[in-house]
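Reviewing the structure listed below.
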Amino acid sequence: MIKIDEGLIRHLESLARLQLSDEQRKSIEKDMHEILSYMELLNEVDVSGVEPMYTPIESSAELRCDEVKPFEDVEAIKMNFPKRKDGHIVVPGIHA
């Protein structure tokens with residue numbers, strides 16, 4: 001099992017660019033010990049004869065055909081925009 005100590009917590013704190021108090025470090029160390037203890041408990045479960053599951057979805061996703069479909073009611077789309085001018089939609093500029 002991995003050794004969880006103050007050095008590891010400080011290393012992780014540095015990697016995550018955090019500044020923790022001593023109390024927070026002790027709390028995280030305690031939580032990590034509990035998590036790893038639970039993982040050790042899971043290691044005791046007998047899974048022999050159980051086939052690994054790589055995904056809970058058994059069938060692959062069916063892709064639709066890539067077809068161009070004409071859309072006739074362009075004005076219905078334009079009506080959703082608050083500003084229009086000369087048959088075009090008006091959007092905010094992106095000037096520097």
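FYI, nothing fancy with the structure tokens labels: chains A, B, ... in order, residues from 1 per chain, ligands from 1 as they appear.
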(message) I need the residues in range 11-80 of chain A that are helix (DSSP H, G or I) according to DSSP; give them as a PyMOL selection string.
(response) chain A and resi 11-15+22-43+74-78
(request) Considering only C-alpha atoms, return as a list in words whatever protein or nucleic-acid residues lie within 10 Å of Leu8 in chain A, sequence-local ones (same chain, fewer than 6 positions apart) excluded. (result)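 Surrounding residues, per the criterion: Ile2, Ser14 and Glu29 of chain A.
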(message) So that I can see what lies close to range 63-75 of chain A, please list as a list in words the residues with an atom at most 10 Å from it, counting only C-alpha atoms and leaving out residues fewer than 5 positions away in the same chain.
(response) Asn80, Gly87 and His88 of chain A
Just want the 12 Å neighbourhood of Ile35 in chain A, counted on only C-alpha atoms, with same-chain residues fewer than 6 positions away dropped. Output as a PDB file with N, CA, C and O atoms, in the first residue's frame.
ATOM      1  N   MET A   1       0.848  -1.184   0.000  1.00  0.00           N
ATOM      2  CA  MET A   1       0.000   0.000   0.000  1.00  0.00           C
ATOM      3  C   MET A   1       0.892   1.245   0.000  1.00  0.00           C
ATOM      4  O   MET A   1       1.970   1.252   0.575  1.00  0.00           O
ATOM      5  N   ILE A   2       0.431   2.290  -0.649  1.00  0.00           N
ATOM      6  CA  ILE A   2       1.181   3.529  -0.749  1.00  0.00           C
ATOM      7  C   ILE A   2       1.319   4.167   0.635  1.00  0.00           C
ATOM      8  O   ILE A   2       0.408   4.101   1.455  1.00  0.00           O
ATOM      9  N   ILE A   4       1.209   7.121   2.928  1.00  0.00           N
ATOM     10  CA  ILE A   4       0.641   8.472   2.983  1.00  0.00           C
ATOM     11  C   ILE A   4       1.203   9.155   4.220  1.00  0.00           C
ATOM     12  O   ILE A   4       0.981   8.715   5.344  1.00  0.00           O
ATOM     13  N   ILE A  28      -6.871  15.893   5.065  1.00  0.00           N
ATOM     14  CA  ILE A  28      -6.680  15.208   3.779  1.00  0.00           C
ATOM     15  C   ILE A  28      -5.940  13.895   3.982  1.00  0.00           C
ATOM     16  O   ILE A  28      -6.282  12.878   3.380  1.00  0.00           O
ATOM     17  N   GLU A  29      -4.944  13.899   4.851  1.00  0.00           N
ATOM     18  CA  GLU A  29      -4.201  12.662   5.129  1.00  0.00           C
ATOM     19  C   GLU A  29      -5.138  11.602   5.706  1.00  0.00           C
ATOM     20  O   GLU A  29      -5.117  10.439   5.294  1.00  0.00           O
ATOM     21  N   LEU A  41     -10.169  -3.197   1.123  1.00  0.00           N
ATOM     22  CA  LEU A  41     -11.340  -4.039   1.349  1.00  0.00           C
ATOM     23  C   LEU A  41     -11.864  -4.577   0.017  1.00  0.00           C
ATOM     24  O   LEU A  41     -12.226  -5.750  -0.094  1.00  0.00           O
ATOM     25  N   LEU A  42     -11.886  -3.743  -1.013  1.00  0.00           N
ATOM     26  CA  LEU A  42     -12.338  -4.190  -2.334  1.00  0.00           C
ATOM     27  C   LEU A  42     -11.405  -5.239  -2.926  1.00  0.00           C
ATOM     28  O   LEU A  42     -11.848  -6.100  -3.693  1.00  0.00           O
TER      29      LEU A  42
END
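Pairwise distance (CA of Leu12 in chain A, CA of Leu36 in chain A) equals 16.0 Å.
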(request) List every residue of chain A that DSSP, applied to the backbone, labels as strand (DSSP E or B), and write the result as a PyMOL selection string. (result) chain A and resi 84-85+88-89
Closest atom pairs, residues of range 32-86 of chain A within 8 Å of range 90-95 of chain A, only C-alpha atoms, as a tab-separated table:
residue	atom	partner	partner_atom	distance
A:Phe81	CA	A:Val90	CA	7.9
A:Lys83	CA	A:Val90	CA	5.3
A:Arg84	CA	A:Val90	CA	5.3
A:Lys85	CA	A:Val90	CA	6.6
Go ahead and write the residues just picked, C-alpha atoms, as a PDB file, in the first residue's frame.
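Writing done, so here's again_24.pdb:
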ATOM      1  CA  PHE A  81     -32.906  36.790 -33.253  1.00  0.00           C
ATOM      2  CA  LYS A  83     -32.021  42.284 -34.191  1.00  0.00           C
ATOM      3  CA  ARG A  84     -32.450  42.049 -37.938  1.00  0.00           C
ATOM      4  CA  LYS A  85     -31.520  44.408 -40.742  1.00  0.00           C
TER       5      LYS A  85
END
(message) I need the residue nearest Asp31 in chain A from this list: A:Glu58, A:Asp86, A:Glu44, A:Asp5. Use only C-alpha atoms for the distance.
(response)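 The shortest atom-to-atom distance to Asp31 in chain A comes from A:Asp5.
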Would you kindly return, as a PDB file with C-alpha atoms, in the first residue's frame, each protein, DNA or RNA residue with an atom no farther than 12 Å from any atom of Arg10 in chain A, considering only C-alpha atoms and excluding same-chain residues fewer than 6 positions away?
ATOM      1  CA  ILE A   4       0.641   8.472   2.983  1.00  0.00           C
ATOM      2  CA  ALA A  16      -2.074  21.302  -7.293  1.00  0.00           C
ATOM      3  CA  ARG A  17      -0.736  24.795  -6.541  1.00  0.00           C
ATOM      4  CA  LEU A  18      -2.635  24.888  -3.239  1.00  0.00           C
ATOM      5  CA  GLN A  19      -1.805  26.485   0.063  1.00  0.00           C
ATOM      6  CA  LEU A  20      -3.269  24.362   2.849  1.00  0.00           C
ATOM      7  CA  SER A  21      -3.255  24.880   6.568  1.00  0.00           C
ATOM      8  CA  ASP A  22      -1.825  22.218   8.891  1.00  0.00           C
ATOM      9  CA  GLN A  24      -6.378  20.818   6.209  1.00  0.00           C
ATOM     10  CA  ARG A  25      -3.305  18.676   5.568  1.00  0.00           C
ATOM     11  CA  LYS A  26      -4.160  16.416   8.521  1.00  0.00           C
ATOM     12  CA  ILE A  28      -6.680  15.208   3.779  1.00  0.00           C
ATOM     13  CA  GLU A  29      -4.201  12.662   5.129  1.00  0.00           C
TER      14      GLU A  29
END
